[in-house]
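J.: Here it is: the structure, laid out below.
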Amino acid sequence: MKFSELALFFERIEKNSSRLEITRILAELFKLLNVQEIAKVVYLLQGRVGPAYEGIDFGMAERTIIKSAMSALNIDRSYFEKEFKKSGDLGQTVESFKKLYTSFEEKDMEVLVVFDFFYRLATATGNGSQDVKISLLSQLIRQLDPLSGRYLVRLPTGIIRLGFSDMTVLDAYSWMLAGDKSLRPTIETAYHVRPDLGFIGKTLKEKGLDGLKKIEPKIFTPIIMMKAERMSSAKEIIKQIGRCLVEPKFDGFRLQVHYLGSDPRRGSDPIKVKLFSRSLEDVTFMYPDIVEGVKREVKADELIIEGEAIGYNPKTGEFLPFQETVQRKRKYDIRAKAIEVPLKLFAFELLYLNGKNFIKKPFIERRKALESVITKNKDINKQTIVVDHQEEVDREERLEKIFDQAVAKKLEGVIAKKINGIYQPGARGWNWIKYKRSYSSKINDTIDCLVMGYDFGKGKRVGFGMGAFLVGVRDEKQDKFVTVAKIGTGLTDEEWRFLKIKSQISKLKDKPINYSVDKAMNCDVWISPAIVVEIKADEITKSPTHTAGLALRFPRLEKFRDDKKPEDVTTLEELQHMTR
């Protein structure tokens with residue numbers, strides 16, 4: 001396929017706000033692509049050159065892209081910036097200049113050739129890498145047509161503005177094969193184990209649906225983590241799953257550990273460890289103490305386990321609150337902070353061990369395998385990877401007592417696990433039930449929300465540049481984010497400043513097309529889907545102005561959830577369930 005043809009599909013998608021129509025357009029595109037093209041086109045549709053977990057970033061600021069465009073078009077900076085200010089859209093600005101100034105270099109390039117340019121651009125590192133990036137992008141701008149130019153410069157900014165999620169792509173794969181979304185469950189199951197949309201598309205093109213059914217976990221490819229259902233009483237839990245295994249629920253951040261032991265057959269290759277966050281980000285470099293603990297205390301050839309990392313006081317052994325634990329999520333001064341706030345990883349799941357897939361095994365079997373691979377230190381204070389105690393329970397009175405004991409230890413509560421339950425990647429099911437409650441509220445749990453935009457501040461908040469921010473939850477049926485609250489109180493000065501800084505990275509001129517917002521809730525500044533916050537509220541009430549049809553009463557910020565992706569926020573269905 002030629003890139004000019006792909007640009008026409010970009011344009012059709014951009015002009016459409018109907019999820020169903022976007023799905024059909026994507027399916028039409030996917031049918032036209034061959035096996036070599038589909039993965040690379042899917043990455044470009046996402047504004048990437050590979051799966052998100054690889055973390056390959058274009059590394060080009062807006063000013064650098066402007067420099068590339070000026071170089072390609074041989075235009076004075078003041079002239080270019082004057083036109084850019086009129087539209088506020090870098091893509092449209094380049095497109096308009098391309099229409100005015102034709103280049104003798106212009107030609108129709110294959111998608112694979114353009115992708116190769118972008119891949120070289122994104123992976124250029126070291127001294128002179130910015131010059132390489134500018135040169136590559138300038139060359140593309142000169143050689144491609146005006147419409148292609150619009151999307152060429154949007155891709156490196158990460159703002160491709162096509163307004164659909166991974167789930168829409170999965171639907172489109174189903175439409176490509178069956179003309180409807182009937183195959184989505186099978187495709188999604190494979191995607192949750194191998195969350196690489198390009199790989200999934202290529203497999204479907206090569207091997208069809210049967211190829212997906214053979215997908216197994218792969219070391220160093222993160223598995224989308226399973227979620228727990230919520231309940232607020234022991235009675236409900238026992239009624240739902242009966243006899244169960246109960247373990248503490250720690251208030252830290254979840255990590256998925258991938259481990260490859262040393263093997264003489266691979267020569268002198270050392271032990272390799274990778275840590276992935278809930279959002280599938282490679283965070284290995286942030287937690288050297290966890291990495292060293294895994295190397296020291298795991299005995300296996302290869303494995304994938306999950307656990308909750310929590311800070312502790314090395315003098316008293318007491319666990320630290322989330323606000324202190326989360327200080328470990330940083331890019332600088334990592335070793336110093338590791339000494340100040342050491343971590344323990346409380347391992348609670350084993351998914352893969354020595355070539356064997358444990359995902360479909362009963363929980364009791366997964367648990368025994370997990371216990372068998374962690375070496376216990378005689379001095380528990382020196383143990384970094386811990387498999388904590390769990391208890392088999394079939395009476396609500398006992399479950400209540402275990403819960404109270406956990407709360408007394410300053411833990412969030414407990415998790416009840418179905419003894420024979422399987423691990424369901426990416427799913428929320430009754431195999432796990434979390435039990436945590438607030439005694440001072442009518443809502444028994446917090447709500448994870450997406451920050452969608454903000455209003456300018458008044459009075460004291462002029463200094464913050466932000467007076468209130470809009471939050472929403474995810475409507476899975478529409479594949480849109482719908483609003484539930486505008487929050488203007490309850491934040492400390494430090495939290496306001498932190499939110500403003502994070503917002504600047506994702507600031508947009510226009511409301512994203514996958515945001516459903518009533519005019520009464522419009523914001524001064526819109527933010528692309530990026531920032532997840534945990535919100536506490538007193539009640540959930542019906543609302544005529546919030547597009548969820550529900551509103552949070554007296555909402556306040558509990559914490560920022562950097563470990564969660566926009567797709568992980570509370571769903572509208574979950575919110576509706578809380579009101580029953």
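Simple scheme: letters A, B, ... for chains in structure tokens order, numbers from 1 for residues in each chain, numbers from 1 for ligands in the order shown.
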At a cut-off of 9 Å, using only C-alpha atoms, what residues contact Gln478 in chain A? Leave out same-chain residues fewer than 5 positions from it and give the result as a VMD selection string.
T.: chain A and resid 18 to 20 514
J.: Determine which residues of range 320-502 of chain A DSSP labels as alpha helix (DSSP H) from the backbone of this structure, then write them out as a ChimeraX atom specification.
T.: /A:322-325,334-340,363-373,396-408,493-502
J.: Those residues with C-alpha atoms, as a PDB file, in the first residue's frame please?
T.:
ATOM      1  CA  PHE A 322       1.026   4.613  49.533  1.00  0.00           C
ATOM      2  CA  GLN A 323       2.083   8.283  49.429  1.00  0.00           C
ATOM      3  CA  GLU A 324       5.543   7.264  50.677  1.00  0.00           C
ATOM      4  CA  THR A 325       5.808   4.048  48.666  1.00  0.00           C
ATOM      5  CA  ILE A 334      16.968   5.926  42.295  1.00  0.00           C
ATOM      6  CA  ARG A 335      19.665   4.291  44.433  1.00  0.00           C
ATOM      7  CA  ALA A 336      19.441   6.928  47.163  1.00  0.00           C
ATOM      8  CA  LYS A 337      15.646   6.631  47.361  1.00  0.00           C
ATOM      9  CA  ALA A 338      15.926   2.811  47.434  1.00  0.00           C
ATOM     10  CA  ILE A 339      17.937   3.118  50.657  1.00  0.00           C
ATOM     11  CA  GLU A 340      15.488   5.646  52.111  1.00  0.00           C
ATOM     12  CA  PHE A 363      -5.441 -21.034  41.749  1.00  0.00           C
ATOM     13  CA  ILE A 364      -4.473 -23.629  44.375  1.00  0.00           C
ATOM     14  CA  GLU A 365      -2.029 -25.141  41.865  1.00  0.00           C
ATOM     15  CA  ARG A 366      -0.614 -21.745  40.892  1.00  0.00           C
ATOM     16  CA  ARG A 367      -0.124 -20.900  44.545  1.00  0.00           C
ATOM     17  CA  LYS A 368       1.787 -24.113  45.309  1.00  0.00           C
ATOM     18  CA  ALA A 369       4.052 -23.535  42.304  1.00  0.00           C
ATOM     19  CA  LEU A 370       4.677 -19.949  43.454  1.00  0.00           C
ATOM     20  CA  GLU A 371       5.695 -21.090  46.945  1.00  0.00           C
ATOM     21  CA  SER A 372       8.065 -23.662  45.454  1.00  0.00           C
ATOM     22  CA  VAL A 373      10.141 -21.125  43.475  1.00  0.00           C
ATOM     23  CA  GLU A 396     -18.113 -15.044  57.077  1.00  0.00           C
ATOM     24  CA  GLU A 397     -17.210 -14.488  60.752  1.00  0.00           C
ATOM     25  CA  ARG A 398     -13.659 -15.698  60.152  1.00  0.00           C
ATOM     26  CA  LEU A 399     -13.346 -13.620  56.968  1.00  0.00           C
ATOM     27  CA  GLU A 400     -14.462 -10.510  58.897  1.00  0.00           C
ATOM     28  CA  LYS A 401     -11.839 -11.177  61.568  1.00  0.00           C
ATOM     29  CA  ILE A 402      -9.046 -11.569  58.971  1.00  0.00           C
ATOM     30  CA  PHE A 403     -10.217  -8.336  57.355  1.00  0.00           C
ATOM     31  CA  ASP A 404     -10.131  -6.470  60.684  1.00  0.00           C
ATOM     32  CA  GLN A 405      -6.625  -7.795  61.387  1.00  0.00           C
ATOM     33  CA  ALA A 406      -5.441  -6.545  57.971  1.00  0.00           C
ATOM     34  CA  VAL A 407      -6.904  -3.081  58.551  1.00  0.00           C
ATOM     35  CA  ALA A 408      -5.253  -2.961  61.980  1.00  0.00           C
ATOM     36  CA  ASP A 493      -1.061  23.185  46.921  1.00  0.00           C
ATOM     37  CA  GLU A 494       1.539  20.562  46.049  1.00  0.00           C
ATOM     38  CA  GLU A 495      -1.087  18.337  44.401  1.00  0.00           C
ATOM     39  CA  TRP A 496      -2.422  21.258  42.315  1.00  0.00           C
ATOM     40  CA  ARG A 497       1.096  22.025  41.110  1.00  0.00           C
ATOM     41  CA  PHE A 498       1.796  18.366  40.350  1.00  0.00           C
ATOM     42  CA  LEU A 499      -1.428  18.013  38.357  1.00  0.00           C
ATOM     43  CA  LYS A 500      -0.652  21.174  36.363  1.00  0.00           C
ATOM     44  CA  ILE A 501       2.817  19.891  35.461  1.00  0.00           C
ATOM     45  CA  LYS A 502       1.459  16.507  34.350  1.00  0.00           C
TER      46      LYS A 502
END
J.: Between A:Ala234, A:Ala69, A:Cys244, A:Leu152, single out the one closest to Lys417 in chain A, counting only C-alpha atoms.
T.: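 For Lys417 in chain A, the nearest of the candidates is A:Cys244.
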J.: Pull the strand (DSSP E or B) assignments for range 175-231 of chain A out of DSSP run on the backbone, and list those residues as an MDAnalysis selection string.
T.: chainID A and resid 227:231
J.: Take the residues from that selection and write them out as a short mmCIF file (atom, residue, chain, number, x, y, z; two decimals), in the first residue's frame, keeping C-alpha atoms.
T.:
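Result written to result.cif:
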data_model
loop_
_atom_site.label_atom_id
_atom_site.label_comp_id
_atom_site.auth_asym_id
_atom_site.auth_seq_id
_atom_site.Cartn_x
_atom_site.Cartn_y
_atom_site.Cartn_z
CA LYS A 227 -8.60 -7.41 37.93
CA ALA A 228 -10.69 -8.16 41.00
CA GLU A 229 -14.39 -7.68 41.59
CA ARG A 230 -15.43 -5.57 44.59
CA MET A 231 -17.62 -6.44 47.58
#
J.: Where does range 14-115 of chain A meet range 174-190 of chain A within 8 Å, residue by residue, with the nearest atom pair and distance in Å to one decimal for each, counting only C-alpha atoms, listed by chain and rising number, as JSON lines?
T.:
{"residue": "A:Thr23", "atom": "CA", "partner": "A:Trp175", "partner_atom": "CA", "distance": 7.6}
{"residue": "A:Arg24", "atom": "CA", "partner": "A:Trp175", "partner_atom": "CA", "distance": 7.0}
{"residue": "A:Ala27", "atom": "CA", "partner": "A:Met176", "partner_atom": "CA", "distance": 4.7}
{"residue": "A:Glu28", "atom": "CA", "partner": "A:Met176", "partner_atom": "CA", "distance": 6.9}
{"residue": "A:Phe30", "atom": "CA", "partner": "A:Met176", "partner_atom": "CA", "distance": 6.7}
{"residue": "A:Lys31", "atom": "CA", "partner": "A:Met176", "partner_atom": "CA", "distance": 6.1}
J.: Since we have the selection now, will you write its residues out, keeping N, CA and C atoms, as an mmCIF file, in the first residue's frame?
T.:
data_model
loop_
_atom_site.group_PDB
_atom_site.id
_atom_site.type_symbol
_atom_site.label_atom_id
_atom_site.label_comp_id
_atom_site.auth_asym_id
_atom_site.auth_seq_id
_atom_site.Cartn_x
_atom_site.Cartn_y
_atom_site.Cartn_z
ATOM 1 N N THR A 23 -14.740 1.506 13.172
ATOM 2 C CA THR A 23 -14.432 0.072 13.142
ATOM 3 C C THR A 23 -14.514 -0.461 11.718
ATOM 4 N N ARG A 24 -15.543 -0.054 10.989
ATOM 5 C CA ARG A 24 -15.704 -0.519 9.600
ATOM 6 C C ARG A 24 -14.594 0.008 8.697
ATOM 7 N N ALA A 27 -11.507 -1.994 9.437
ATOM 8 C CA ALA A 27 -11.625 -3.334 8.861
ATOM 9 C C ALA A 27 -11.369 -3.290 7.353
ATOM 10 N N GLU A 28 -11.897 -2.270 6.702
ATOM 11 C CA GLU A 28 -11.669 -2.085 5.260
ATOM 12 C C GLU A 28 -10.177 -1.921 4.982
ATOM 13 N N PHE A 30 -7.628 -2.915 6.937
ATOM 14 C CA PHE A 30 -6.911 -4.148 7.273
ATOM 15 C C PHE A 30 -7.030 -5.198 6.164
ATOM 16 N N LYS A 31 -8.174 -5.254 5.507
ATOM 17 C CA LYS A 31 -8.363 -6.214 4.410
ATOM 18 C C LYS A 31 -7.403 -5.926 3.254
#
